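Enquirer: Structure: work-v9.pdb, PDB, C-alpha atoms, pLDDT in the B column.
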ATOM      1  CA  THR A 183      16.724  -3.697  22.527  1.00 90.00           C
ATOM      2  CA  GLU A 184      16.792   0.050  23.166  1.00 96.00           C
ATOM      3  CA  ILE A 185      14.747   3.027  21.991  1.00 98.00           C
ATOM      4  CA  ALA A 186      15.370   6.787  22.130  1.00 98.00           C
ATOM      5  CA  ILE A 187      12.458   9.214  22.536  1.00 98.00           C
ATOM      6  CA  SER A 188      11.905  12.821  23.483  1.00 98.00           C
ATOM      7  CA  PRO A 189       9.080  13.518  25.953  1.00 97.00           C
ATOM      8  CA  ASN A 190       8.198  16.765  24.134  1.00 95.00           C
ATOM      9  CA  ASN A 191      10.981  18.790  25.740  1.00 98.00           C
ATOM     10  CA  HIS A 192      14.753  19.345  25.446  1.00 98.00           C
ATOM     11  CA  GLU A 193      15.718  15.842  26.624  1.00 98.00           C
ATOM     12  CA  VAL A 194      16.223  12.439  25.022  1.00 99.00           C
ATOM     13  CA  HIS A 195      15.295   9.421  27.117  1.00 99.00           C
ATOM     14  CA  ILE A 196      16.784   6.050  26.240  1.00 98.00           C
ATOM     15  CA  TYR A 197      14.839   2.992  27.347  1.00 98.00           C
ATOM     16  CA  LYS A 198      16.027  -0.591  27.414  1.00 97.00           C
ATOM     17  CA  GLN A 199      13.699  -3.555  27.168  1.00 96.00           C
ATOM     18  CA  ASN A 200      13.806  -5.776  30.234  1.00 95.00           C
ATOM     19  CA  GLY A 201      11.423  -8.678  29.671  1.00 94.00           C
ATOM     20  CA  ASN A 202       8.128  -7.010  28.824  1.00 95.00           C
ATOM     21  CA  GLN A 203       9.052  -3.780  30.652  1.00 96.00           C
ATOM     22  CA  TRP A 204      10.879  -0.697  29.351  1.00 97.00           C
ATOM     23  CA  VAL A 205      13.397   0.785  31.796  1.00 98.00           C
ATOM     24  CA  LYS A 206      14.911   4.248  31.379  1.00 98.00           C
ATOM     25  CA  VAL A 207      18.701   3.854  31.279  1.00 98.00           C
ATOM     26  CA  HIS A 208      19.930   7.263  30.036  1.00 98.00           C
ATOM     27  CA  GLU A 209      18.845  10.898  29.801  1.00 98.00           C
ATOM     28  CA  LEU A 210      20.605  13.034  27.196  1.00 98.00           C
ATOM     29  CA  LYS A 211      20.416  16.753  27.946  1.00 97.00           C
ATOM     30  CA  GLU A 212      22.169  19.286  25.749  1.00 97.00           C
ATOM     31  CA  HIS A 213      19.555  21.073  23.632  1.00 97.00           C
ATOM     32  CA  ASN A 214      18.156  24.449  24.712  1.00 97.00           C
ATOM     33  CA  GLY A 215      14.823  23.971  22.961  1.00 96.00           C
ATOM     34  CA  HIS A 216      12.388  21.170  22.143  1.00 98.00           C
ATOM     35  CA  ILE A 217      13.906  18.221  20.333  1.00 98.00           C
ATOM     36  CA  THR A 218      12.257  17.786  16.948  1.00 98.00           C
ATOM     37  CA  GLY A 219      14.202  14.868  15.485  1.00 98.00           C
ATOM     38  CA  ILE A 220      16.128  11.786  16.617  1.00 99.00           C
ATOM     39  CA  ASP A 221      17.849   9.130  14.508  1.00 99.00           C
ATOM     40  CA  TRP A 222      19.916   6.231  15.808  1.00 99.00           C
ATOM     41  CA  ALA A 223      22.572   4.776  13.488  1.00 98.00           C
ATOM     42  CA  PRO A 224      22.481   1.003  14.048  1.00 96.00           C
ATOM     43  CA  LYS A 225      25.985   0.104  12.782  1.00 97.00           C
ATOM     44  CA  SER A 226      28.001   2.922  14.365  1.00 97.00           C
ATOM     45  CA  ASP A 227      25.714   3.130  17.433  1.00 97.00           C
ATOM     46  CA  ARG A 228      25.545   6.929  17.259  1.00 98.00           C
ATOM     47  CA  ILE A 229      22.476   9.070  17.843  1.00 99.00           C
ATOM     48  CA  VAL A 230      21.873  12.378  16.096  1.00 99.00           C
ATOM     49  CA  THR A 231      19.338  14.868  17.463  1.00 99.00           C
ATOM     50  CA  CYS A 232      18.067  18.208  16.209  1.00 99.00           C
ATOM     51  CA  GLY A 233      15.828  20.794  17.765  1.00 98.00           C
ATOM     52  CA  ALA A 234      14.154  24.150  17.998  1.00 98.00           C
ATOM     53  CA  ASP A 235      17.475  25.617  19.185  1.00 98.00           C
ATOM     54  CA  ARG A 236      18.690  25.328  15.533  1.00 97.00           C
ATOM     55  CA  ASN A 237      21.458  22.883  16.460  1.00 97.00           C
ATOM     56  CA  ALA A 238      22.213  19.204  16.040  1.00 98.00           C
ATOM     57  CA  TYR A 239      24.177  16.933  18.338  1.00 99.00           C
ATOM     58  CA  VAL A 240      25.900  13.673  17.491  1.00 99.00           C
ATOM     59  CA  TRP A 241      25.910  11.426  20.558  1.00 99.00           C
ATOM     60  CA  SER A 242      28.563   8.717  20.930  1.00 98.00           C
ATOM     61  CA  GLN A 243      28.665   6.206  23.737  1.00 96.00           C
ATOM     62  CA  LYS A 244      31.934   5.469  25.518  1.00 94.00           C
ATOM     63  CA  ASP A 245      32.168   3.332  28.640  1.00 94.00           C
ATOM     64  CA  GLY A 246      28.389   3.470  29.071  1.00 93.00           C
ATOM     65  CA  VAL A 247      28.216   7.285  28.938  1.00 96.00           C
ATOM     66  CA  TRP A 248      26.736   9.250  26.017  1.00 98.00           C
ATOM     67  CA  LYS A 249      28.875  12.230  24.964  1.00 98.00           C
ATOM     68  CA  PRO A 250      27.454  15.014  22.738  1.00 98.00           C
ATOM     69  CA  THR A 251      29.260  16.752  19.889  1.00 97.00           C
ATOM     70  CA  LEU A 252      27.691  20.016  18.727  1.00 97.00           C
ATOM     71  CA  VAL A 253      27.003  20.395  15.002  1.00 98.00           C
ATOM     72  CA  ILE A 254      26.376  24.008  14.007  1.00 95.00           C
ATOM     73  CA  LEU A 255      23.750  23.880  11.258  1.00 97.00           C
ATOM     74  CA  ARG A 256      23.956  27.561  10.246  1.00 96.00           C
ATOM     75  CA  ILE A 257      20.174  27.952  10.000  1.00 97.00           C
ATOM     76  CA  ASN A 258      17.923  30.770  11.208  1.00 96.00           C
ATOM     77  CA  ARG A 259      14.820  28.680  11.965  1.00 97.00           C
ATOM     78  CA  ALA A 260      14.177  25.521  13.966  1.00 98.00           C
ATOM     79  CA  ALA A 261      15.490  22.186  12.751  1.00 98.00           C
ATOM     80  CA  THR A 262      12.558  19.862  12.072  1.00 98.00           C
ATOM     81  CA  PHE A 263      13.868  16.438  11.044  1.00 98.00           C
ATOM     82  CA  VAL A 264      17.149  14.505  10.987  1.00 99.00           C
ATOM     83  CA  LYS A 265      18.204  11.335   9.168  1.00 99.00           C
ATOM     84  CA  TRP A 266      21.478   9.378   8.992  1.00 99.00           C
ATOM     85  CA  SER A 267      22.631   8.283   5.537  1.00 98.00           C
ATOM     86  CA  PRO A 268      22.750   4.523   4.827  1.00 98.00           C
ATOM     87  CA  LEU A 269      26.547   4.408   5.310  1.00 98.00           C
ATOM     88  CA  GLU A 270      26.191   6.494   8.509  1.00 98.00           C
ATOM     89  CA  ASN A 271      28.972   8.845   7.374  1.00 97.00           C
ATOM     90  CA  LYS A 272      26.688  11.887   7.062  1.00 97.00           C
ATOM     91  CA  PHE A 273      23.225  13.049   8.009  1.00 98.00           C
ATOM     92  CA  ALA A 274      20.664  15.496   6.672  1.00 98.00           C
ATOM     93  CA  VAL A 275      18.623  17.999   8.679  1.00 98.00           C
ATOM     94  CA  GLY A 276      15.418  19.658   7.474  1.00 97.00           C
ATOM     95  CA  SER A 277      14.376  23.025   8.842  1.00 97.00           C
ATOM     96  CA  GLY A 278      11.971  25.910   8.824  1.00 96.00           C
ATOM     97  CA  ALA A 279      14.691  27.897   7.033  1.00 96.00           C
ATOM     98  CA  ARG A 280      13.526  26.283   3.758  1.00 93.00           C
ATOM     99  CA  LEU A 281      16.775  24.441   3.212  1.00 94.00           C
ATOM    100  CA  ILE A 282      18.491  21.158   4.020  1.00 96.00           C
ATOM    101  CA  SER A 283      21.742  20.942   5.964  1.00 97.00           C
ATOM    102  CA  VAL A 284      23.908  17.962   5.064  1.00 97.00           C
ATOM    103  CA  CYS A 285      26.532  17.295   7.725  1.00 97.00           C
ATOM    104  CA  TYR A 286      29.633  15.138   7.532  1.00 96.00           C
ATOM    105  CA  PHE A 287      32.676  14.657   9.743  1.00 96.00           C
ATOM    106  CA  GLU A 288      35.891  16.307   8.634  1.00 94.00           C
ATOM    107  CA  SER A 289      38.639  14.352  10.388  1.00 92.00           C
ATOM    108  CA  GLU A 290      41.473  16.800   9.593  1.00 92.00           C
ATOM    109  CA  ASN A 291      39.624  19.497  11.572  1.00 91.00           C
ATOM    110  CA  ASP A 292      37.954  17.078  14.025  1.00 91.00           C
ATOM    111  CA  TRP A 293      34.473  18.549  13.629  1.00 94.00           C
ATOM    112  CA  TRP A 294      31.188  18.155  11.805  1.00 97.00           C
ATOM    113  CA  VAL A 295      30.764  20.367   8.735  1.00 95.00           C
ATOM    114  CA  SER A 296      27.331  21.585   7.627  1.00 96.00           C
ATOM    115  CA  LYS A 297      26.666  22.367   3.955  1.00 95.00           C
ATOM    116  CA  HIS A 298      23.342  23.630   2.615  1.00 95.00           C
ATOM    117  CA  ILE A 299      21.166  22.381  -0.198  1.00 91.00           C
ATOM    118  CA  LYS A 300      19.274  25.471  -1.272  1.00 81.00           C
ATOM    119  CA  LYS A 301      17.020  24.072  -3.948  1.00 80.00           C
ATOM    120  CA  PRO A 302      14.007  26.311  -4.368  1.00 83.00           C
ATOM    121  CA  ILE A 303      12.172  24.982  -1.327  1.00 89.00           C
ATOM    122  CA  ARG A 304       9.290  27.284  -0.531  1.00 89.00           C
ATOM    123  CA  SER A 305       8.305  25.980   2.881  1.00 95.00           C
ATOM    124  CA  THR A 306       9.429  24.081   5.962  1.00 96.00           C
ATOM    125  CA  VAL A 307      11.121  20.731   5.319  1.00 96.00           C
ATOM    126  CA  LEU A 308       9.253  18.104   7.362  1.00 97.00           C
ATOM    127  CA  SER A 309      10.758  14.791   6.253  1.00 98.00           C
ATOM    128  CA  LEU A 310      13.910  13.407   4.650  1.00 98.00           C
ATOM    129  CA  ASP A 311      15.091  10.031   3.439  1.00 98.00           C
ATOM    130  CA  TRP A 312      18.250   8.777   1.761  1.00 98.00           C
ATOM    131  CA  HIS A 313      18.419   6.463  -1.239  1.00 97.00           C
ATOM    132  CA  PRO A 314      20.420   3.281  -0.512  1.00 97.00           C
ATOM    133  CA  ASN A 315      23.199   4.625  -2.798  1.00 96.00           C
ATOM    134  CA  ASN A 316      24.090   7.174  -0.039  1.00 96.00           C
ATOM    135  CA  VAL A 317      23.957  10.053  -2.581  1.00 95.00           C
ATOM    136  CA  LEU A 318      20.319  10.798  -3.433  1.00 95.00           C
ATOM    137  CA  LEU A 319      18.167  12.520  -0.847  1.00 96.00           C
ATOM    138  CA  ALA A 320      14.383  12.997  -0.893  1.00 96.00           C
ATOM    139  CA  ALA A 321      12.718  15.822   1.029  1.00 95.00           C
ATOM    140  CA  GLY A 322       9.054  16.441   1.809  1.00 96.00           C
ATOM    141  CA  SER A 323       7.858  19.911   2.742  1.00 95.00           C
ATOM    142  CA  CYS A 324       4.795  21.899   3.804  1.00 95.00           C
ATOM    143  CA  ASP A 325       4.040  23.038   0.253  1.00 93.00           C
ATOM    144  CA  PHE A 326       2.859  19.487  -0.629  1.00 92.00           C
ATOM    145  CA  LYS A 327       5.948  18.872  -2.778  1.00 91.00           C
ATOM    146  CA  THR A 328       8.655  16.249  -2.685  1.00 90.00           C
ATOM    147  CA  ARG A 329      12.088  17.172  -3.967  1.00 91.00           C
ATOM    148  CA  THR A 330      15.224  15.175  -4.655  1.00 90.00           C
ATOM    149  CA  ALA A 331      18.859  16.235  -4.501  1.00 87.00           C
ATOM    150  CA  ARG A 332      22.241  14.612  -5.073  1.00 84.00           C
ATOM    151  CA  TRP A 333      24.834  15.050  -2.371  1.00 75.00           C
ATOM    152  CA  ARG A 334      28.501  14.113  -2.255  1.00 71.00           C
ATOM    153  CA  GLU A 335      30.975  15.510   0.268  1.00 65.00           C
ATOM    154  CA  ARG A 336      32.686  18.711  -0.832  1.00 57.00           C
ATOM    155  CA  SER A 337      30.356  19.080  -3.801  1.00 45.00           C
ATOM    156  CA  SER A 338      26.633  18.984  -4.286  1.00 45.00           C
ATOM    157  CA  THR A 339      24.265  19.229  -7.187  1.00 43.00           C
ATOM    158  CA  SER A 340      21.061  20.979  -6.251  1.00 42.00           C
TER     159      SER A 340
END
Take the structure I supplied and represent it as structure tokens, if you would.

Expert:
Amino acid sequence: TEIAISPNNHEVHIYKQNGNQWVKVHELKEHNGHITGIDWAPKSDRIVTCGADRNAYVWSQKDGVWKPTLVILRINRAATFVKWSPLENKFAVGSGARLISVCYFESENDWWVSKHIKKPIRSTVLSLDWHPNNVLLAAGSCDFKTRTARWRERSSTS
């Protein structure tokens, strides 16, 4: 059993349970600002992080070493929350830019693409969750509203 946390800085610490003790086994350092969101995909064993530096990183483990891949979110405010989709083929990032970035891997270009959902969101997005169908996305924001959006790669309905 492992858990990933951020100690209120730019690092992610991964702890492994050893009996009734938790032992730090990895430190992930790539962000330039405080980390504001972490989500660990259980099937693909990838971690996605987002932060005040307005970036996201997808972390993949190979031979016991975590390697980061930068995902440029194209936002002008801090990222606030990140969540993998149920199929773990995309993730959504909320932000202070009053929009949601949905990111998916484009294999022909070998990089993560970020597309925006620009529904009329009037405040910072604080929470996100995917419907089990891997298409519907719910977002909670500072204006006390919850919004839903449909998202499919290469096309979205806001």

Enquirer: Considering only C-alpha atoms, return as a PDB file with C-alpha atoms, in the coordinates of the input whatever protein or nucleic-acid residues lie within 6 Å of region 190-194 of chain A, sequence-local ones (same chain, fewer than 4 positions apart) excluded.

Expert:
ATOM      1  CA  GLU A 209      18.845  10.898  29.801  1.00 98.00           C
ATOM      2  CA  LEU A 210      20.605  13.034  27.196  1.00 98.00           C
ATOM      3  CA  LYS A 211      20.416  16.753  27.946  1.00 97.00           C
ATOM      4  CA  HIS A 213      19.555  21.073  23.632  1.00 97.00           C
ATOM      5  CA  GLY A 215      14.823  23.971  22.961  1.00 96.00           C
ATOM      6  CA  HIS A 216      12.388  21.170  22.143  1.00 98.00           C
ATOM      7  CA  ILE A 217      13.906  18.221  20.333  1.00 98.00           C
TER       8      ILE A 217
END

Enquirer: Which neighbours of His313 (chain A) fall inside 12 Å, counting only C-alpha atoms, when residues of the same chain fewer than 4 positions from it are skipped, and could you give them as an NGL selection string?

Expert: :A and (265-269 or 317-321 or 330-333)

Enquirer: Closest to Ile220 (chain A) among A:Thr183, A:Thr262, A:Ser296, A:Asn291, using only C-alpha atoms?

Expert: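 Going through A:Thr183, A:Thr262, A:Ser296, A:Asn291 one by one, the smallest distance to Ile220 (chain A) is for A:Thr262.
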
Enquirer: As an exercise, work out the distance from CA of Ala260 (chain A) to CA of Ala186 (chain A) in Å and give it to one decimal place.

Expert: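 Answer for the CA of Ala260 (chain A) to CA of Ala186 (chain A) separation: 20.5 Å.
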
Enquirer: Please evaluate the PyMOL selection byres ((chain A and resi 239-255) around 6) against the displayed coordinates and give the resulting residues as a list of chain:residue names.

Expert: A:Arg228, A:Ile229, A:Val230, A:Thr231, A:Asn237, A:Ala238, A:Arg256, A:Ile257, A:Trp294, A:Ser296

Enquirer: Closest to Phe326 (chain A) among A:Lys272, A:Lys198, A:Arg236, A:Arg304, using all atoms listed in the file?

Expert: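 Checking each candidate against Phe326 (chain A), we get A:Arg304 as the closest.
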
Enquirer: From the options A:Ala274, A:Ala279, A:Ala234, A:Ala223, which residue's atoms come nearest to Thr306 (chain A), counting all atoms listed in the file?

Expert: A:Ala279

Enquirer: What separation in Å, quoted to one decimal, exists between CA of Asn258 (chain A) and CA of Arg329 (chain A)?

Expert: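 Between CA of Asn258 (chain A) and CA of Arg329 (chain A) the gap works out to 21.2 Å.
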
Enquirer: Once the PyMOL selection byres ((chain A and resi 283-286) around 7) is applied to the coordinates I shared, what remains selected? I want it as number ranges by chain.

Expert: A: 255, 271-276, 281-282, 287-288, 294-299

Enquirer: Calculate how many Å separate CA of Ile187 (chain A) from CA of Ser323 (chain A), rounding to one decimal.

Expert: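 CA of Ser323 (chain A) lies 23.0 Å from CA of Ile187 (chain A).
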
Enquirer: My list of candidates is A:Asp292, A:Lys300, A:Glu212, A:Phe263. Which is closest to Gly322 (chain A) when distances are computed with all atoms listed in the file?

Expert: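 That would be A:Phe263, the residue with the smallest distance to Gly322 (chain A).
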
Enquirer: Give the padded box for region 223-241 of chain A as JSON: axis-aligned, covering all atoms listed in the file, 8 Å on each side, centre and edge lengths in Å to one decimal.

Expert:
{"center_x": 21.1, "center_y": 12.9, "center_z": 16.7, "size_x": 29.8, "size_y": 41.5, "size_z": 23.8}

Enquirer: Which residues are close to Ile185 (chain A), i.e. within 9 Å by only C-alpha atoms, leaving aside same-chain residues fewer than 3 positions away? Reply as a list in words.

Expert: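 Once the nearby chain positions are removed, what remains is His195, Ile196, Tyr197, Lys198, Gln199 and Trp222 of chain A.
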